[in-house]
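**Q** Below is the file target.cif, with mmCIF, C-alpha atoms.
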```
data_structure
loop_
_atom_site.label_atom_id
_atom_site.label_comp_id
_atom_site.auth_asym_id
_atom_site.auth_seq_id
_atom_site.Cartn_x
_atom_site.Cartn_y
_atom_site.Cartn_z
CA MET B 6 29.51 -4.10 3.97
CA ALA B 7 29.43 -0.57 5.36
CA PRO B 8 26.24 1.39 4.68
CA GLU B 9 26.28 3.99 1.94
CA VAL B 10 25.44 7.04 4.04
CA CYS B 11 23.32 9.79 2.45
CA THR B 12 25.45 12.90 1.98
CA ASP B 13 24.94 16.50 0.97
CA GLU B 14 26.13 15.48 -2.49
CA ASP B 15 23.29 12.95 -2.67
CA ALA B 16 20.83 15.69 -1.81
CA LYS B 17 22.22 17.96 -4.54
CA LYS B 18 21.51 15.28 -7.15
CA THR B 19 17.81 15.50 -6.36
CA SER B 20 17.58 19.16 -5.39
CA SER B 21 14.26 20.62 -6.41
CA THR B 22 11.47 22.50 -4.70
CA SER B 23 9.18 19.62 -5.67
CA LYS B 24 11.35 16.91 -4.05
CA ARG B 25 9.05 16.24 -1.10
CA LEU B 26 10.98 13.13 0.01
CA LYS B 27 14.48 14.38 -0.76
CA GLY B 28 17.10 12.10 0.76
CA LYS B 29 14.58 9.83 2.50
CA VAL B 30 14.86 6.05 2.34
CA ALA B 31 11.73 3.98 1.75
CA VAL B 32 10.79 0.31 1.59
CA ILE B 33 7.67 -0.59 -0.41
CA THR B 34 6.31 -4.12 -0.14
CA GLY B 35 4.36 -5.34 -3.14
CA GLY B 36 6.14 -2.61 -5.04
CA ALA B 37 6.69 -4.34 -8.37
CA ARG B 38 3.35 -3.50 -9.96
CA GLY B 39 0.00 -1.77 -9.41
CA ILE B 40 -0.29 0.72 -6.57
CA GLY B 41 3.08 -0.27 -5.15
CA ALA B 42 4.86 0.40 -8.44
CA ALA B 43 3.10 3.76 -8.82
CA ALA B 44 4.20 4.67 -5.29
CA ALA B 45 7.79 3.57 -6.00
CA LYS B 46 7.91 5.82 -9.05
CA ILE B 47 6.46 8.87 -7.36
CA TYR B 48 8.65 8.42 -4.29
CA ALA B 49 11.75 8.27 -6.49
CA GLU B 50 10.59 11.27 -8.52
CA ASN B 51 10.36 13.16 -5.23
CA GLY B 52 13.90 12.35 -4.18
CA ALA B 53 13.53 9.13 -2.18
CA TYR B 54 15.79 6.11 -2.33
CA VAL B 55 13.41 3.18 -2.79
CA VAL B 56 13.75 -0.50 -1.92
CA ILE B 57 11.13 -2.57 -3.76
CA ALA B 58 10.23 -5.77 -1.90
CA ASP B 59 8.11 -8.25 -3.85
CA ILE B 60 7.87 -11.81 -5.17
CA LEU B 61 7.64 -10.63 -8.80
CA ASP B 62 11.36 -10.69 -9.50
CA ASN B 63 11.44 -9.66 -13.16
CA GLU B 64 9.08 -6.73 -12.73
CA GLY B 65 10.74 -5.71 -9.47
CA HIS B 66 14.29 -5.69 -10.84
CA THR B 67 13.22 -3.78 -13.95
CA LEU B 68 11.38 -1.11 -11.99
CA ALA B 69 14.13 -0.74 -9.37
CA ASN B 70 16.74 -0.26 -12.08
CA SER B 71 14.60 2.35 -13.82
CA ILE B 72 14.23 4.50 -10.68
CA GLY B 73 17.72 4.06 -9.25
CA GLY B 74 16.44 1.87 -6.44
CA LYS B 75 17.06 -1.61 -5.09
CA TYR B 76 15.02 -4.81 -5.39
CA ILE B 77 14.77 -7.74 -3.00
CA HIS B 78 12.67 -10.89 -3.23
CA CYS B 79 10.27 -10.73 -0.31
CA ASP B 80 7.32 -12.90 0.69
CA VAL B 81 5.84 -10.76 3.45
CA SER B 82 4.29 -13.80 5.15
CA ASN B 83 7.88 -14.79 6.05
CA GLU B 84 9.15 -12.51 8.79
CA SER B 85 12.78 -13.07 7.83
CA ASP B 86 12.10 -11.82 4.28
CA VAL B 87 10.66 -8.56 5.59
CA GLU B 88 13.54 -8.15 8.02
CA SER B 89 15.95 -8.64 5.11
CA ALA B 90 14.20 -5.89 3.13
CA ILE B 91 14.60 -3.48 6.05
CA ASN B 92 18.24 -4.51 6.45
CA LEU B 93 18.86 -3.87 2.75
CA ALA B 94 17.71 -0.28 3.18
CA LEU B 95 19.95 0.12 6.24
CA THR B 96 22.94 -1.41 4.47
CA TRP B 97 22.38 0.65 1.33
CA LYS B 98 21.74 4.08 2.82
CA GLY B 99 22.27 3.73 6.57
CA LYS B 100 18.71 4.53 7.60
CA LEU B 101 15.01 3.91 7.08
CA ASP B 102 12.52 6.78 6.98
CA ILE B 103 9.42 5.21 5.38
CA ILE B 104 7.82 1.83 4.94
CA PHE B 105 4.73 1.39 2.79
CA ASN B 106 3.21 -1.97 3.74
CA ASN B 107 1.36 -2.43 0.48
CA ALA B 108 1.56 -6.16 -0.31
CA GLY B 109 -1.69 -8.12 -0.17
CA ILE B 110 -3.85 -10.77 -1.84
CA SER B 111 -7.59 -10.97 -2.52
CA GLY B 112 -8.58 -14.39 -1.21
CA GLN B 113 -11.35 -16.91 -1.78
CA ASP B 114 -14.76 -15.74 -3.02
CA GLY B 115 -18.04 -17.43 -2.15
CA SER B 116 -20.18 -18.28 0.85
CA ILE B 117 -18.71 -18.38 4.33
CA THR B 118 -20.34 -21.81 4.67
CA ASN B 119 -17.89 -23.12 2.07
CA LEU B 120 -14.81 -21.27 3.29
CA ASP B 121 -11.54 -23.13 2.90
CA MET B 122 -9.75 -22.36 6.16
CA ASN B 123 -6.33 -23.24 4.77
CA LYS B 124 -6.78 -20.60 2.07
CA ALA B 125 -8.07 -18.15 4.69
CA LYS B 126 -5.04 -18.76 6.90
CA HIS B 127 -2.75 -18.11 3.94
CA LEU B 128 -4.51 -14.82 3.22
CA PHE B 129 -4.15 -13.72 6.85
CA SER B 130 -0.46 -14.69 6.78
CA VAL B 131 0.06 -12.25 3.89
CA ASN B 132 -2.43 -9.45 4.56
CA VAL B 133 -2.20 -9.25 8.34
CA ASN B 134 1.00 -10.99 9.43
CA GLY B 135 2.83 -9.37 6.54
CA ILE B 136 1.93 -5.93 7.83
CA ILE B 137 2.78 -6.89 11.41
CA HIS B 138 6.21 -7.97 10.15
CA GLY B 139 6.64 -4.65 8.35
CA ILE B 140 5.62 -2.53 11.32
CA LYS B 141 7.72 -4.59 13.73
CA HIS B 142 11.01 -4.41 11.86
CA ALA B 143 10.58 -0.87 10.55
CA ALA B 144 9.77 0.34 14.07
CA LYS B 145 12.85 -1.40 15.51
CA ALA B 146 15.08 0.37 12.98
CA MET B 147 13.36 3.73 13.43
CA ILE B 148 13.40 3.61 17.24
CA LYS B 149 17.10 2.73 17.22
CA ALA B 150 17.87 5.65 14.90
CA GLY B 151 15.85 8.05 17.04
CA ASN B 152 14.73 10.26 14.15
CA GLY B 153 11.07 9.31 13.94
CA GLY B 154 9.68 7.82 10.77
CA CYS B 155 6.60 7.04 8.74
CA ILE B 156 4.74 3.74 8.50
CA ILE B 157 1.91 3.40 5.97
CA CYS B 158 -0.37 0.36 5.78
CA MET B 159 -2.64 -0.61 2.90
CA SER B 160 -6.21 -1.34 3.94
CA SER B 161 -9.34 -1.15 1.76
CA SER B 162 -12.90 0.09 1.55
CA ALA B 163 -13.75 -3.60 2.14
CA GLY B 164 -12.55 -3.09 5.70
CA ILE B 165 -15.11 -0.31 6.19
CA MET B 166 -18.20 -1.58 4.38
CA GLY B 167 -19.51 -5.13 4.03
CA GLY B 168 -20.03 -6.88 0.72
CA LEU B 169 -17.06 -5.35 -1.12
CA GLY B 170 -14.66 -8.28 -0.91
CA SER B 171 -14.35 -11.90 0.10
CA HIS B 172 -14.94 -12.71 3.76
CA PRO B 173 -11.26 -13.32 4.60
CA TYR B 174 -10.15 -10.25 2.63
CA SER B 175 -12.68 -7.98 4.36
CA CYS B 176 -11.69 -9.35 7.75
CA SER B 177 -8.00 -8.83 7.06
CA LYS B 178 -8.44 -5.26 5.86
CA GLU B 179 -10.46 -4.24 8.93
CA ALA B 180 -7.82 -5.87 11.14
CA ILE B 181 -5.17 -3.69 9.49
CA VAL B 182 -6.98 -0.51 10.57
CA GLY B 183 -7.05 -1.72 14.18
CA LEU B 184 -3.39 -2.70 14.02
CA MET B 185 -2.50 0.71 12.61
CA LYS B 186 -4.27 2.52 15.45
CA SER B 187 -2.74 0.41 18.20
CA SER B 188 0.74 0.75 16.67
CA ALA B 189 0.32 4.51 16.37
CA CYS B 190 -0.48 4.69 20.09
CA GLU B 191 2.76 2.96 21.02
CA LEU B 192 5.10 4.46 18.44
CA GLY B 193 3.99 8.08 18.66
CA VAL B 194 6.27 8.67 21.66
CA HIS B 195 9.19 7.89 19.33
CA GLY B 196 7.99 10.38 16.73
CA ILE B 197 6.92 7.56 14.41
CA ARG B 198 3.67 8.15 12.54
CA VAL B 199 1.48 5.19 11.55
CA ASN B 200 -1.38 5.61 9.06
CA CYS B 201 -3.56 3.63 6.65
CA ILE B 202 -4.80 4.11 3.12
CA SER B 203 -8.15 2.57 2.14
CA PRO B 204 -8.79 2.74 -1.61
CA HIS B 205 -11.98 1.67 -3.36
CA GLY B 206 -12.47 0.46 -6.92
CA VAL B 207 -8.97 0.96 -8.26
CA PRO B 208 -8.69 -1.17 -11.46
CA THR B 209 -5.48 -2.98 -10.51
CA GLU B 210 -4.58 -6.51 -11.54
CA MET B 211 -6.17 -7.76 -8.30
CA LEU B 212 -9.52 -6.04 -8.92
CA VAL B 213 -9.63 -7.11 -12.57
CA SER B 214 -8.96 -10.73 -11.56
CA ALA B 215 -11.73 -10.56 -8.96
CA HIS B 216 -14.23 -9.28 -11.55
CA ARG B 217 -13.22 -12.03 -13.96
CA ARG B 218 -13.92 -14.67 -11.31
CA ILE B 219 -17.15 -13.19 -9.99
CA LEU B 220 -18.64 -12.38 -13.40
CA GLY B 221 -17.29 -15.49 -15.09
CA LYS B 222 -15.55 -13.48 -17.83
CA ALA B 223 -12.03 -14.80 -18.18
CA ASP B 224 -11.19 -12.32 -20.94
CA MET B 225 -12.40 -9.22 -19.08
CA GLU B 226 -10.03 -6.27 -19.51
CA ALA B 227 -9.07 -3.49 -17.13
CA GLU B 228 -10.98 -0.92 -19.19
CA GLU B 229 -14.25 -2.83 -18.67
CA VAL B 230 -13.69 -2.88 -14.92
CA ARG B 231 -12.85 0.82 -15.01
CA GLU B 232 -16.17 1.58 -16.70
CA ILE B 233 -18.09 -0.46 -14.11
CA VAL B 234 -16.43 1.45 -11.29
CA LYS B 235 -17.06 4.79 -12.98
CA GLU B 236 -20.77 4.00 -13.19
CA ARG B 237 -21.33 2.42 -9.77
CA GLY B 238 -18.23 2.85 -7.65
CA SER B 239 -18.38 6.40 -6.27
CA LEU B 240 -20.53 9.45 -5.74
CA LEU B 241 -18.41 11.13 -8.40
CA ARG B 242 -20.12 9.51 -11.35
CA GLY B 243 -17.93 9.04 -14.39
CA LYS B 244 -14.76 8.87 -12.28
CA CYS B 245 -12.74 6.17 -10.59
CA ALA B 246 -9.50 6.18 -8.66
CA SER B 247 -6.25 5.34 -10.44
CA VAL B 248 -3.12 3.78 -9.00
CA GLU B 249 -1.58 7.24 -9.27
CA ASP B 250 -4.32 8.70 -7.05
CA VAL B 251 -3.44 6.22 -4.32
CA ALA B 252 0.28 6.77 -4.84
CA GLU B 253 -0.23 10.52 -4.39
CA ALA B 254 -1.94 9.80 -1.07
CA ALA B 255 1.00 7.59 -0.05
CA LEU B 256 3.35 10.43 -1.01
CA PHE B 257 1.40 12.89 1.15
CA LEU B 258 1.43 10.57 4.16
CA ALA B 259 5.15 9.92 3.73
CA SER B 260 6.04 13.60 3.42
CA ASP B 261 6.56 16.25 6.07
CA GLU B 262 3.31 17.85 4.91
CA SER B 263 1.46 15.25 6.98
CA GLY B 264 3.77 15.66 9.96
CA PHE B 265 0.93 15.97 12.49
CA ILE B 266 -1.17 13.13 11.07
CA THR B 267 -1.05 9.73 12.74
CA ALA B 268 -3.53 6.92 13.56
CA HIS B 269 -5.53 8.03 10.52
CA ASN B 270 -7.24 5.95 7.83
CA LEU B 271 -7.17 7.96 4.60
CA VAL B 272 -10.11 6.71 2.53
CA ILE B 273 -9.87 7.19 -1.24
CA ASP B 274 -13.29 6.17 -2.48
CA GLY B 275 -15.05 9.10 -4.13
CA GLY B 276 -17.41 9.14 -1.16
CA TYR B 277 -18.63 5.60 -1.75
CA THR B 278 -18.41 4.36 1.83
CA SER B 279 -19.89 7.55 3.31
CA ALA B 280 -23.28 7.55 1.62
CA ASN B 281 -25.90 5.36 0.01
CA ALA B 282 -25.51 6.21 -3.66
CA ASN B 283 -28.85 4.54 -4.40
CA MET B 284 -30.59 7.25 -2.34
CA SER B 285 -29.32 10.09 -4.53
CA PHE B 286 -32.83 10.49 -5.99
CA ILE B 287 -33.94 12.30 -2.79
CA TYR B 288 -31.84 15.29 -3.80
CA GLN B 289 -33.29 15.56 -7.29
#
```
Can you give me the file's structure in the form of structure tokens?
**A**
Amino acid sequence: MAPEVCTDEDAKKTSSTSKRLKGKVAVITGGARGIGAAAAKIYAENGAYVVIADILDNEGHTLANSIGGKYIHCDVSNESDVESAINLALTWKGKLDIIFNNAGISGQDGSITNLDMNKAKHLFSVNVNGIIHGIKHAAKAMIKAGNGGCIICMSSSAGIMGGLGSHPYSCSKEAIVGLMKSSACELGVHGIRVNCISPHGVPTEMLVSAHRRILGKADMEAEEVREIVKERGSLLRGKCASVEDVAEAALFLASDESGFITAHNLVIDGGYTSANANMSFIYQ
């Protein structure tokens, strides 16, 4: 099937001074819910054509239909699935401008002395290999097109500071930052920018589930987690990041406004990883 090439008529449909991604084509892994879904919505609102790649088929199809995008079932640990997501974008619109490698899992809690290596290997296959797959196949498409591009990878505050996630999760998120920097070094000569986002304390389904496990409260709701983060999770007391805050950062990094930014880890943590909040008494 011949690709549906973006035309001037397509651009007119989304013409607006606020359309920061007008006519651009994006793939978002893990885009069916949480941060990925928020990014899919804001990308579409800003004129992008969005391919949602996820394993949550019902949510993914519903969201894609609501934003005029496409959905594809994609387990990022399988390289062929990620390649298929990239190929869908190329078949649909004839190009790929942006990939947001957002998919990830939280992993096994508990002592490293009791670590289940099979579970750890599975986490690395999703969190690290999944992002390698995304960078690899997005870069191949972008290099071939010769028009540059934007690659965004999801890391975490757990990759910056110890004690914020499980051992495998923390390891995987720090590895992503290193992978982003090395990829940026290679791909910069092709005009391809590679950056990371590292959020902290965003009350997504993943964070709520982690709190339920750690605190032993199976019925814990997102609002309870949000209140915990507001109290302890940043220097900006009474505030916590939302999925929309992270999506706005992903929009900025995908847009031409960040055209001279690459090899950068954009930390969205209310200052948490930059200071010891327990020492705030010295300023009082």
**Q** Give as a PDB file with C-alpha atoms, keeping the file's coordinate frame the residues that the PyMOL selection byres ((chain B and resi 184) around 12) matches when applied to the coordinates above.
**A**
```pdb
ATOM      1  CA  ASN B 132      -2.430  -9.450   4.560  1.00  0.00           C
ATOM      2  CA  VAL B 133      -2.200  -9.250   8.340  1.00  0.00           C
ATOM      3  CA  ASN B 134       1.000 -10.990   9.430  1.00  0.00           C
ATOM      4  CA  GLY B 135       2.830  -9.370   6.540  1.00  0.00           C
ATOM      5  CA  ILE B 136       1.930  -5.930   7.830  1.00  0.00           C
ATOM      6  CA  ILE B 137       2.780  -6.890  11.410  1.00  0.00           C
ATOM      7  CA  HIS B 138       6.210  -7.970  10.150  1.00  0.00           C
ATOM      8  CA  GLY B 139       6.640  -4.650   8.350  1.00  0.00           C
ATOM      9  CA  ILE B 140       5.620  -2.530  11.320  1.00  0.00           C
ATOM     10  CA  LYS B 141       7.720  -4.590  13.730  1.00  0.00           C
ATOM     11  CA  ILE B 156       4.740   3.740   8.500  1.00  0.00           C
ATOM     12  CA  ILE B 157       1.910   3.400   5.970  1.00  0.00           C
ATOM     13  CA  CYS B 158      -0.370   0.360   5.780  1.00  0.00           C
ATOM     14  CA  MET B 159      -2.640  -0.610   2.900  1.00  0.00           C
ATOM     15  CA  SER B 160      -6.210  -1.340   3.940  1.00  0.00           C
ATOM     16  CA  SER B 177      -8.000  -8.830   7.060  1.00  0.00           C
ATOM     17  CA  LYS B 178      -8.440  -5.260   5.860  1.00  0.00           C
ATOM     18  CA  GLU B 179     -10.460  -4.240   8.930  1.00  0.00           C
ATOM     19  CA  ALA B 180      -7.820  -5.870  11.140  1.00  0.00           C
ATOM     20  CA  ILE B 181      -5.170  -3.690   9.490  1.00  0.00           C
ATOM     21  CA  VAL B 182      -6.980  -0.510  10.570  1.00  0.00           C
ATOM     22  CA  GLY B 183      -7.050  -1.720  14.180  1.00  0.00           C
ATOM     23  CA  MET B 185      -2.500   0.710  12.610  1.00  0.00           C
ATOM     24  CA  LYS B 186      -4.270   2.520  15.450  1.00  0.00           C
ATOM     25  CA  SER B 187      -2.740   0.410  18.200  1.00  0.00           C
ATOM     26  CA  SER B 188       0.740   0.750  16.670  1.00  0.00           C
ATOM     27  CA  ALA B 189       0.320   4.510  16.370  1.00  0.00           C
ATOM     28  CA  CYS B 190      -0.480   4.690  20.090  1.00  0.00           C
ATOM     29  CA  GLU B 191       2.760   2.960  21.020  1.00  0.00           C
ATOM     30  CA  LEU B 192       5.100   4.460  18.440  1.00  0.00           C
ATOM     31  CA  VAL B 199       1.480   5.190  11.550  1.00  0.00           C
ATOM     32  CA  ASN B 200      -1.380   5.610   9.060  1.00  0.00           C
ATOM     33  CA  CYS B 201      -3.560   3.630   6.650  1.00  0.00           C
ATOM     34  CA  ALA B 268      -3.530   6.920  13.560  1.00  0.00           C
ATOM     35  CA  HIS B 269      -5.530   8.030  10.520  1.00  0.00           C
ATOM     36  CA  ASN B 270      -7.240   5.950   7.830  1.00  0.00           C
TER      37      ASN B 270
END
```
**Q** Fewer than 5 positions away in the same chain doesn't count, so skip those; otherwise give me all residues within 10 Å of Ala259 of chain B, counting all atoms listed in the file, as a PDB file with C-alpha atoms, in the coordinates of the input.
**A**
```pdb
ATOM      1  CA  ARG B  25       9.050  16.240  -1.100  1.00  0.00           C
ATOM      2  CA  LEU B  26      10.980  13.130   0.010  1.00  0.00           C
ATOM      3  CA  LYS B  29      14.580   9.830   2.500  1.00  0.00           C
ATOM      4  CA  ALA B  31      11.730   3.980   1.750  1.00  0.00           C
ATOM      5  CA  TYR B  48       8.650   8.420  -4.290  1.00  0.00           C
ATOM      6  CA  ASP B 102      12.520   6.780   6.980  1.00  0.00           C
ATOM      7  CA  ILE B 103       9.420   5.210   5.380  1.00  0.00           C
ATOM      8  CA  ILE B 104       7.820   1.830   4.940  1.00  0.00           C
ATOM      9  CA  PHE B 105       4.730   1.390   2.790  1.00  0.00           C
ATOM     10  CA  GLY B 154       9.680   7.820  10.770  1.00  0.00           C
ATOM     11  CA  CYS B 155       6.600   7.040   8.740  1.00  0.00           C
ATOM     12  CA  ILE B 156       4.740   3.740   8.500  1.00  0.00           C
ATOM     13  CA  ILE B 157       1.910   3.400   5.970  1.00  0.00           C
ATOM     14  CA  ARG B 198       3.670   8.150  12.540  1.00  0.00           C
ATOM     15  CA  VAL B 199       1.480   5.190  11.550  1.00  0.00           C
ATOM     16  CA  ASN B 200      -1.380   5.610   9.060  1.00  0.00           C
ATOM     17  CA  GLU B 253      -0.230  10.520  -4.390  1.00  0.00           C
ATOM     18  CA  ALA B 254      -1.940   9.800  -1.070  1.00  0.00           C
ATOM     19  CA  GLY B 264       3.770  15.660   9.960  1.00  0.00           C
TER      20      GLY B 264
END
```
**Q** Would you mind listing what lies within 9 Å of Leu95 of chain B as a short mmCIF file (atom, residue, chain, number, x, y, z; two decimals) with C-alpha atoms, in the frame of the given file, with only C-alpha atoms counted and same-chain residues fewer than 3 positions away left out?
**A**
```cif
data_model
loop_
_atom_site.label_atom_id
_atom_site.label_comp_id
_atom_site.auth_asym_id
_atom_site.auth_seq_id
_atom_site.Cartn_x
_atom_site.Cartn_y
_atom_site.Cartn_z
CA PRO B 8 26.24 1.39 4.68
CA GLU B 9 26.28 3.99 1.94
CA VAL B 30 14.86 6.05 2.34
CA ALA B 90 14.20 -5.89 3.13
CA ILE B 91 14.60 -3.48 6.05
CA ASN B 92 18.24 -4.51 6.45
CA LYS B 98 21.74 4.08 2.82
CA GLY B 99 22.27 3.73 6.57
CA LYS B 100 18.71 4.53 7.60
CA LEU B 101 15.01 3.91 7.08
CA ALA B 146 15.08 0.37 12.98
#
```
**Q** Name the closest residue to Val207 of chain B among the candidates B:Ala37, B:Leu240, B:Val194, B:Val248; distances are taken between atoms, counting all atoms listed in the file.
**A**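 Nearest to Val207 of chain B: B:Val248.
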**Q** Need to verify the contact set: Val56 of chain B, 7 Å, only C-alpha atoms, exclusion of same-chain residues closer than 6 positions in sequence. Can you return it as number ranges by chain?
**A** B: 31-33, 74-76, 94
**Q** Could you tell me which of B:Thr278, B:Thr267, B:Ser239, B:Ser23 comes closest to Gly168 of chain B if we count all atoms listed in the file?
**A** B:Thr278
**Q** Which residue is closest to Asn119 of chain B? Choose from B:Tyr54, B:Ile165, B:His172, B:Ala49 and count all atoms listed in the file.
**A**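 Among the listed residues, the smallest separation from Asn119 of chain B belongs to B:His172.
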**Q** Between atom CA of Asp86 of chain B and atom CA of Glu210 of chain B, what distance in Å does the model show, to one decimal?
**A**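 Calculated distance between atom CA of Asp86 of chain B and atom CA of Glu210 of chain B is 23.6 Å.
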**Q** What's the separation between atom CA of Ile110 of chain B and atom CA of Leu128 of chain B, in Å to one decimal place?
**A**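 Between atom CA of Ile110 of chain B and atom CA of Leu128 of chain B the gap works out to 6.5 Å.
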**Q** Report as a ChimeraX atom specification the full result of the PyMOL selection byres ((chain B and resi 38) around 12) when it is applied to this structure.
**A** /B:33-37,39-46,57-69,107-109,209-211,248-249,252
**Q** One number please: atom CA of Asn152 of chain B to atom CA of His195 of chain B, in Å, one decimal.
**A** 7.9 Å
**Q** Select, from B:Ile47, B:Ala150, B:Ile77, B:Cys176, the residue with the minimum atom-to-atom distance to Ser162 of chain B, counting all atoms listed in the file.
**A**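 Of B:Ile47, B:Ala150, B:Ile77, B:Cys176, the one nearest Ser162 of chain B is B:Cys176, counting all atoms listed in the file.
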**Q** Box for segment 168-180 of chain B - axis-aligned, 6 Å on each of the six sides, all listed atoms - centre and size in Å to one decimal, as AutoDock Vina command-line options.
**A**
```
--center_x -13.9 --center_y -8.8 --center_z 5.0 --size_x 24.2 --size_y 21.1 --size_z 24.3
```
